[in-house]
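Asker: Next comes target39.txt, compact mmCIF, N, CA and C atoms:
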```
# COMPACT_ATOMS: atom_id res chain seq x y z
N MET A 6 -17.90 11.84 -18.32
CA MET A 6 -17.54 11.68 -16.93
C MET A 6 -18.76 11.82 -16.05
N SER A 7 -19.56 12.83 -16.27
CA SER A 7 -20.74 13.01 -15.43
C SER A 7 -21.97 12.47 -16.14
N SER A 8 -23.01 12.34 -15.37
CA SER A 8 -24.27 11.84 -15.90
C SER A 8 -24.87 12.87 -16.84
N PRO A 9 -25.56 12.45 -17.93
CA PRO A 9 -26.09 13.41 -18.90
C PRO A 9 -27.14 14.34 -18.30
N GLU A 10 -27.87 13.89 -17.29
CA GLU A 10 -28.92 14.74 -16.74
C GLU A 10 -28.41 15.71 -15.67
N LEU A 11 -27.13 15.59 -15.26
CA LEU A 11 -26.57 16.49 -14.25
C LEU A 11 -25.56 17.43 -14.91
N SER A 12 -25.61 18.70 -14.51
CA SER A 12 -24.60 19.62 -14.99
C SER A 12 -23.30 19.35 -14.22
N ASP A 13 -22.20 19.87 -14.74
CA ASP A 13 -20.91 19.66 -14.06
C ASP A 13 -20.90 20.25 -12.66
N ARG A 14 -21.56 21.38 -12.50
CA ARG A 14 -21.62 22.03 -11.19
C ARG A 14 -22.39 21.17 -10.19
N GLU A 15 -23.55 20.65 -10.60
CA GLU A 15 -24.35 19.78 -9.72
C GLU A 15 -23.59 18.49 -9.41
N TYR A 16 -22.90 17.98 -10.40
CA TYR A 16 -22.14 16.74 -10.24
C TYR A 16 -21.04 16.93 -9.18
N ARG A 17 -20.28 18.04 -9.29
CA ARG A 17 -19.23 18.32 -8.30
C ARG A 17 -19.82 18.56 -6.92
N ARG A 18 -20.97 19.22 -6.86
CA ARG A 18 -21.62 19.46 -5.58
C ARG A 18 -22.02 18.14 -4.91
N LEU A 19 -22.57 17.21 -5.71
CA LEU A 19 -22.94 15.91 -5.15
C LEU A 19 -21.72 15.12 -4.72
N GLN A 20 -20.65 15.18 -5.50
CA GLN A 20 -19.42 14.49 -5.10
C GLN A 20 -18.90 15.05 -3.78
N ASN A 21 -18.86 16.37 -3.66
CA ASN A 21 -18.37 16.99 -2.42
C ASN A 21 -19.28 16.68 -1.24
N ARG A 22 -20.58 16.62 -1.49
CA ARG A 22 -21.52 16.31 -0.40
C ARG A 22 -21.30 14.90 0.12
N ILE A 23 -21.13 13.95 -0.78
CA ILE A 23 -20.89 12.56 -0.36
C ILE A 23 -19.54 12.44 0.34
N LEU A 24 -18.52 13.10 -0.19
CA LEU A 24 -17.21 13.05 0.44
C LEU A 24 -17.25 13.70 1.83
N ASP A 25 -18.00 14.79 1.98
CA ASP A 25 -18.18 15.41 3.30
C ASP A 25 -18.88 14.46 4.27
N LEU A 26 -19.87 13.72 3.77
CA LEU A 26 -20.56 12.74 4.60
C LEU A 26 -19.60 11.64 5.06
N TYR A 27 -18.81 11.11 4.14
CA TYR A 27 -17.82 10.09 4.49
C TYR A 27 -16.84 10.64 5.53
N THR A 28 -16.38 11.86 5.34
CA THR A 28 -15.43 12.47 6.27
C THR A 28 -16.05 12.65 7.65
N ALA A 29 -17.30 13.12 7.69
CA ALA A 29 -17.97 13.33 8.97
C ALA A 29 -18.14 12.01 9.72
N VAL A 30 -18.58 10.98 9.03
CA VAL A 30 -18.77 9.68 9.69
C VAL A 30 -17.43 9.14 10.18
N THR A 31 -16.39 9.27 9.38
CA THR A 31 -15.07 8.78 9.79
C THR A 31 -14.57 9.53 11.02
N LEU A 32 -14.71 10.85 11.03
CA LEU A 32 -14.26 11.62 12.19
C LEU A 32 -15.07 11.29 13.44
N LEU A 33 -16.38 11.11 13.28
CA LEU A 33 -17.21 10.73 14.44
C LEU A 33 -16.81 9.35 14.98
N MET A 34 -16.52 8.42 14.09
CA MET A 34 -16.10 7.09 14.54
C MET A 34 -14.75 7.16 15.24
N LEU A 35 -13.81 7.95 14.71
CA LEU A 35 -12.51 8.09 15.37
C LEU A 35 -12.65 8.77 16.73
N LEU A 36 -13.52 9.76 16.83
CA LEU A 36 -13.79 10.40 18.11
C LEU A 36 -14.41 9.41 19.09
N GLY A 37 -15.34 8.59 18.61
CA GLY A 37 -15.95 7.56 19.46
C GLY A 37 -14.92 6.56 19.95
N ILE A 38 -14.01 6.16 19.08
CA ILE A 38 -12.94 5.23 19.48
C ILE A 38 -12.07 5.88 20.56
N ALA A 39 -11.73 7.16 20.39
CA ALA A 39 -10.90 7.85 21.39
C ALA A 39 -11.62 7.93 22.74
N VAL A 40 -12.91 8.23 22.72
CA VAL A 40 -13.69 8.29 23.96
C VAL A 40 -13.72 6.91 24.63
N LEU A 41 -13.91 5.86 23.83
CA LEU A 41 -13.95 4.52 24.41
C LEU A 41 -12.59 4.09 24.96
N ILE A 42 -11.52 4.53 24.33
CA ILE A 42 -10.18 4.22 24.85
C ILE A 42 -9.99 4.88 26.21
N VAL A 43 -10.37 6.15 26.31
CA VAL A 43 -10.25 6.84 27.60
C VAL A 43 -11.14 6.16 28.64
N TYR A 44 -12.35 5.78 28.24
CA TYR A 44 -13.25 5.08 29.17
C TYR A 44 -12.66 3.76 29.63
N ALA A 45 -12.08 3.00 28.69
CA ALA A 45 -11.50 1.70 29.04
C ALA A 45 -10.32 1.86 29.98
N ILE A 46 -9.57 2.94 29.82
CA ILE A 46 -8.43 3.17 30.72
C ILE A 46 -8.92 3.57 32.10
N ARG A 47 -10.02 4.33 32.17
CA ARG A 47 -10.53 4.84 33.45
C ARG A 47 -11.39 3.83 34.21
N ILE A 48 -11.68 2.67 33.63
CA ILE A 48 -12.53 1.68 34.30
C ILE A 48 -11.91 1.23 35.62
N GLY A 49 -10.61 1.09 35.62
CA GLY A 49 -9.95 0.64 36.83
C GLY A 49 -9.73 -0.86 36.81
N PRO A 50 -9.54 -1.45 37.99
CA PRO A 50 -9.26 -2.89 38.03
C PRO A 50 -10.46 -3.70 37.54
N LEU A 51 -10.16 -4.75 36.84
CA LEU A 51 -11.22 -5.58 36.26
C LEU A 51 -11.87 -6.50 37.29
N THR A 52 -11.46 -6.39 38.55
CA THR A 52 -12.07 -7.23 39.59
C THR A 52 -13.30 -6.58 40.21
N SER A 53 -13.52 -5.29 39.92
CA SER A 53 -14.70 -4.63 40.48
C SER A 53 -15.95 -5.09 39.74
N PRO A 54 -17.11 -5.00 40.37
CA PRO A 54 -18.34 -5.50 39.75
C PRO A 54 -18.68 -4.76 38.45
N GLY A 55 -18.91 -5.52 37.41
CA GLY A 55 -19.31 -4.97 36.13
C GLY A 55 -18.18 -4.43 35.27
N ALA A 56 -16.95 -4.40 35.80
CA ALA A 56 -15.83 -3.80 35.06
C ALA A 56 -15.46 -4.65 33.84
N GLN A 57 -15.49 -5.97 34.00
CA GLN A 57 -15.14 -6.84 32.87
C GLN A 57 -16.15 -6.68 31.74
N GLU A 58 -17.42 -6.65 32.08
CA GLU A 58 -18.46 -6.48 31.06
C GLU A 58 -18.33 -5.11 30.40
N SER A 59 -18.06 -4.08 31.19
CA SER A 59 -17.90 -2.73 30.65
C SER A 59 -16.73 -2.67 29.68
N LEU A 60 -15.61 -3.27 30.08
CA LEU A 60 -14.44 -3.28 29.20
C LEU A 60 -14.74 -4.06 27.93
N GLY A 61 -15.41 -5.19 28.05
CA GLY A 61 -15.75 -5.99 26.87
C GLY A 61 -16.64 -5.23 25.90
N LEU A 62 -17.63 -4.52 26.44
CA LEU A 62 -18.51 -3.74 25.57
C LEU A 62 -17.75 -2.59 24.90
N ALA A 63 -16.86 -1.93 25.65
CA ALA A 63 -16.08 -0.84 25.08
C ALA A 63 -15.18 -1.34 23.95
N VAL A 64 -14.51 -2.47 24.19
CA VAL A 64 -13.63 -3.03 23.16
C VAL A 64 -14.44 -3.47 21.94
N ALA A 65 -15.60 -4.08 22.16
CA ALA A 65 -16.45 -4.50 21.05
C ALA A 65 -16.90 -3.29 20.22
N LEU A 66 -17.30 -2.22 20.90
CA LEU A 66 -17.69 -1.00 20.17
C LEU A 66 -16.52 -0.40 19.41
N MET A 67 -15.32 -0.46 19.98
CA MET A 67 -14.14 0.05 19.27
C MET A 67 -13.91 -0.75 17.99
N PHE A 68 -14.06 -2.07 18.05
CA PHE A 68 -13.88 -2.89 16.86
C PHE A 68 -14.94 -2.59 15.81
N VAL A 69 -16.18 -2.40 16.24
CA VAL A 69 -17.25 -2.06 15.29
C VAL A 69 -16.97 -0.72 14.62
N MET A 70 -16.57 0.26 15.41
CA MET A 70 -16.26 1.57 14.84
C MET A 70 -15.06 1.51 13.91
N ALA A 71 -14.05 0.74 14.26
CA ALA A 71 -12.89 0.59 13.38
C ALA A 71 -13.30 -0.08 12.07
N ALA A 72 -14.22 -1.05 12.14
CA ALA A 72 -14.70 -1.70 10.92
C ALA A 72 -15.46 -0.72 10.03
N VAL A 73 -16.23 0.18 10.63
CA VAL A 73 -16.95 1.20 9.85
C VAL A 73 -15.96 2.14 9.17
N VAL A 74 -14.93 2.58 9.91
CA VAL A 74 -13.92 3.46 9.33
C VAL A 74 -13.20 2.75 8.18
N PHE A 75 -12.82 1.50 8.38
CA PHE A 75 -12.14 0.75 7.33
C PHE A 75 -13.05 0.59 6.11
N HIS A 76 -14.32 0.29 6.34
CA HIS A 76 -15.27 0.13 5.23
C HIS A 76 -15.41 1.43 4.44
N LEU A 77 -15.54 2.55 5.14
CA LEU A 77 -15.68 3.83 4.44
C LEU A 77 -14.43 4.18 3.64
N ALA A 78 -13.27 3.96 4.22
CA ALA A 78 -12.04 4.25 3.49
C ALA A 78 -11.92 3.34 2.27
N ASP A 79 -12.23 2.07 2.44
CA ASP A 79 -12.18 1.12 1.33
C ASP A 79 -13.17 1.51 0.24
N ARG A 80 -14.37 1.86 0.64
CA ARG A 80 -15.41 2.24 -0.32
C ARG A 80 -15.05 3.52 -1.06
N THR A 81 -14.44 4.47 -0.34
CA THR A 81 -14.04 5.72 -0.97
C THR A 81 -13.00 5.49 -2.05
N TYR A 82 -12.03 4.62 -1.79
CA TYR A 82 -10.95 4.41 -2.75
C TYR A 82 -11.31 3.42 -3.86
N ARG A 83 -12.21 2.49 -3.59
CA ARG A 83 -12.60 1.53 -4.63
C ARG A 83 -13.56 2.12 -5.65
N SER A 84 -14.53 2.85 -5.18
CA SER A 84 -15.46 3.49 -6.13
C SER A 84 -15.71 4.91 -5.66
N TRP A 85 -15.18 5.85 -6.40
CA TRP A 85 -15.36 7.26 -6.08
C TRP A 85 -16.83 7.59 -6.14
N PRO A 86 -17.34 8.34 -5.17
CA PRO A 86 -18.77 8.63 -5.16
C PRO A 86 -19.23 9.32 -6.45
N LEU A 87 -20.22 8.76 -7.08
CA LEU A 87 -20.80 9.29 -8.31
C LEU A 87 -19.77 9.48 -9.41
N GLY A 88 -18.74 8.71 -9.44
CA GLY A 88 -17.69 8.89 -10.44
C GLY A 88 -17.18 7.59 -10.99
N ARG A 89 -15.99 7.65 -11.59
CA ARG A 89 -15.45 6.45 -12.21
C ARG A 89 -15.03 5.43 -11.16
N ARG A 90 -14.99 4.19 -11.55
CA ARG A 90 -14.70 3.10 -10.62
C ARG A 90 -13.26 2.61 -10.79
N TYR A 91 -12.70 2.21 -9.68
CA TYR A 91 -11.36 1.63 -9.66
C TYR A 91 -11.48 0.16 -9.32
N THR A 92 -10.73 -0.66 -9.98
CA THR A 92 -10.74 -2.08 -9.64
C THR A 92 -9.43 -2.41 -8.93
N PRO A 93 -9.49 -3.21 -7.90
CA PRO A 93 -8.26 -3.55 -7.19
C PRO A 93 -7.34 -4.38 -8.08
N SER A 94 -6.06 -4.22 -7.86
CA SER A 94 -5.10 -4.98 -8.66
C SER A 94 -5.09 -6.44 -8.23
N HIS A 95 -4.67 -7.29 -9.12
CA HIS A 95 -4.59 -8.71 -8.81
C HIS A 95 -3.41 -8.95 -7.90
N PRO A 96 -3.55 -9.88 -6.96
CA PRO A 96 -2.43 -10.14 -6.04
C PRO A 96 -1.24 -10.72 -6.80
N GLY A 97 -0.07 -10.34 -6.37
CA GLY A 97 1.14 -10.83 -7.01
C GLY A 97 1.47 -12.24 -6.55
N ALA A 98 2.48 -12.81 -7.20
CA ALA A 98 2.92 -14.16 -6.85
C ALA A 98 3.64 -14.14 -5.51
N LEU A 99 3.56 -15.25 -4.78
CA LEU A 99 4.26 -15.35 -3.51
C LEU A 99 5.75 -15.56 -3.78
N THR A 100 6.54 -14.67 -3.23
CA THR A 100 7.99 -14.76 -3.40
C THR A 100 8.63 -14.81 -2.02
N THR A 101 9.92 -15.03 -2.02
CA THR A 101 10.66 -15.05 -0.76
C THR A 101 10.61 -13.67 -0.09
N GLU A 102 10.67 -12.62 -0.91
CA GLU A 102 10.61 -11.27 -0.37
C GLU A 102 9.27 -11.00 0.31
N SER A 103 8.17 -11.51 -0.26
CA SER A 103 6.86 -11.29 0.36
C SER A 103 6.75 -12.03 1.69
N TRP A 104 7.33 -13.23 1.78
CA TRP A 104 7.32 -13.96 3.04
C TRP A 104 8.17 -13.25 4.09
N VAL A 105 9.31 -12.70 3.65
CA VAL A 105 10.17 -11.95 4.57
C VAL A 105 9.43 -10.72 5.08
N ARG A 106 8.73 -10.00 4.19
CA ARG A 106 7.97 -8.82 4.59
C ARG A 106 6.88 -9.20 5.58
N LEU A 107 6.19 -10.33 5.34
CA LEU A 107 5.15 -10.79 6.26
C LEU A 107 5.74 -11.08 7.64
N LEU A 108 6.86 -11.76 7.68
CA LEU A 108 7.50 -12.07 8.96
C LEU A 108 7.96 -10.81 9.67
N GLN A 109 8.46 -9.81 8.91
CA GLN A 109 8.86 -8.55 9.53
C GLN A 109 7.66 -7.85 10.16
N VAL A 110 6.55 -7.85 9.46
CA VAL A 110 5.34 -7.23 10.01
C VAL A 110 4.88 -7.97 11.25
N LEU A 111 4.90 -9.30 11.24
CA LEU A 111 4.49 -10.07 12.40
C LEU A 111 5.40 -9.82 13.60
N VAL A 112 6.69 -9.68 13.36
CA VAL A 112 7.63 -9.39 14.45
C VAL A 112 7.34 -8.01 15.04
N VAL A 113 7.08 -7.02 14.18
CA VAL A 113 6.78 -5.67 14.67
C VAL A 113 5.47 -5.67 15.46
N VAL A 114 4.46 -6.38 14.97
CA VAL A 114 3.18 -6.44 15.69
C VAL A 114 3.35 -7.14 17.03
N ALA A 115 4.10 -8.24 17.05
CA ALA A 115 4.33 -8.95 18.31
C ALA A 115 5.12 -8.07 19.29
N ALA A 116 6.11 -7.34 18.78
CA ALA A 116 6.88 -6.46 19.66
C ALA A 116 5.99 -5.34 20.20
N GLY A 117 5.13 -4.79 19.35
CA GLY A 117 4.20 -3.75 19.81
C GLY A 117 3.24 -4.27 20.86
N ALA A 118 2.74 -5.49 20.66
CA ALA A 118 1.84 -6.09 21.65
C ALA A 118 2.56 -6.33 22.97
N ALA A 119 3.80 -6.79 22.90
CA ALA A 119 4.57 -7.03 24.13
C ALA A 119 4.83 -5.72 24.87
N ILE A 120 5.18 -4.68 24.14
CA ILE A 120 5.42 -3.37 24.77
C ILE A 120 4.13 -2.85 25.40
N ALA A 121 3.01 -2.99 24.69
CA ALA A 121 1.72 -2.54 25.24
C ALA A 121 1.36 -3.33 26.49
N TYR A 122 1.66 -4.63 26.50
CA TYR A 122 1.38 -5.46 27.67
C TYR A 122 2.21 -5.02 28.87
N VAL A 123 3.49 -4.77 28.63
CA VAL A 123 4.38 -4.35 29.72
C VAL A 123 3.95 -2.97 30.23
N LEU A 124 3.67 -2.03 29.32
CA LEU A 124 3.24 -0.70 29.74
C LEU A 124 1.91 -0.76 30.46
N GLY A 125 1.00 -1.63 30.02
CA GLY A 125 -0.27 -1.79 30.72
C GLY A 125 -0.08 -2.32 32.11
N GLY A 126 0.86 -3.22 32.29
CA GLY A 126 1.17 -3.73 33.63
C GLY A 126 1.78 -2.67 34.52
N LEU A 127 2.59 -1.80 33.95
CA LEU A 127 3.22 -0.74 34.74
C LEU A 127 2.19 0.35 35.11
N ILE A 128 1.27 0.65 34.21
CA ILE A 128 0.28 1.70 34.47
C ILE A 128 -0.75 1.24 35.49
N ALA A 129 -1.18 -0.01 35.38
CA ALA A 129 -2.24 -0.51 36.28
C ALA A 129 -1.75 -0.77 37.63
```
Do you think you could lay out the structure here as structure tokens?

Answerer:
Amino acid sequence: MSSPELSDREYRRLQNRILDLYTAVTLLMLLGIAVLIVYAIRIGPLTSPGAQESLGLAVALMFVMAAVVFHLADRTYRSWPLGRRYTPSHPGALTTESWVRLLQVLVVVAAGAAIAYVLGGLIA
């Protein structure tokens, strides 16, 4: 399981160190996203000078940070740091149930977007 030149204790220490690093980066990215969300809400009307550009930059940074969080989570689960590797499963065949599930997810996402739009209109 471990490398021949590393003792089990050193191996576990390195695994925990890498996992701590992944956790710290993920928490910092989530904190950054939360700060940007608060900033985007506090910008005010988008008709003021520079507000549109500010909102665009905040949203772009949120997407970048979300991509980093997704990448770290994916990397953590696909290949455990300094350990054995996991291979993703092969996709299953397309069935009627999978199409129904996809449509259910799309309906929920569309409903969530509509609710967010209405609430955004009421708040602003």

Asker: Would you mind telling me which residue in A:Ala78, A:Leu51, A:Met67, A:Thr101 lies nearest to Ala39 of chain A when using only N, CA and C atoms?

Answerer: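 Nearest to Ala39 of chain A: A:Met67.
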
Asker: Kindly give the distance, in Å, that separates atom C of Ile42 of chain A and atom C of Ala56 of chain A, rounded to a single decimal.

Answerer: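 Spanning atom C of Ile42 of chain A to atom C of Ala56 of chain A is a straight-line distance of 13.4 Å.
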
Asker: Interatomic distance between atom CA of Val74 of chain A and atom CA of Thr31 of chain A?

Answerer: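 So the answer is 5.5 Å.
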
Asker: Suppose you want the space between atom CA of Arg47 of chain A and atom CA of Gly125 of chain A; what is it in Å?

Answerer: 12.5 Å
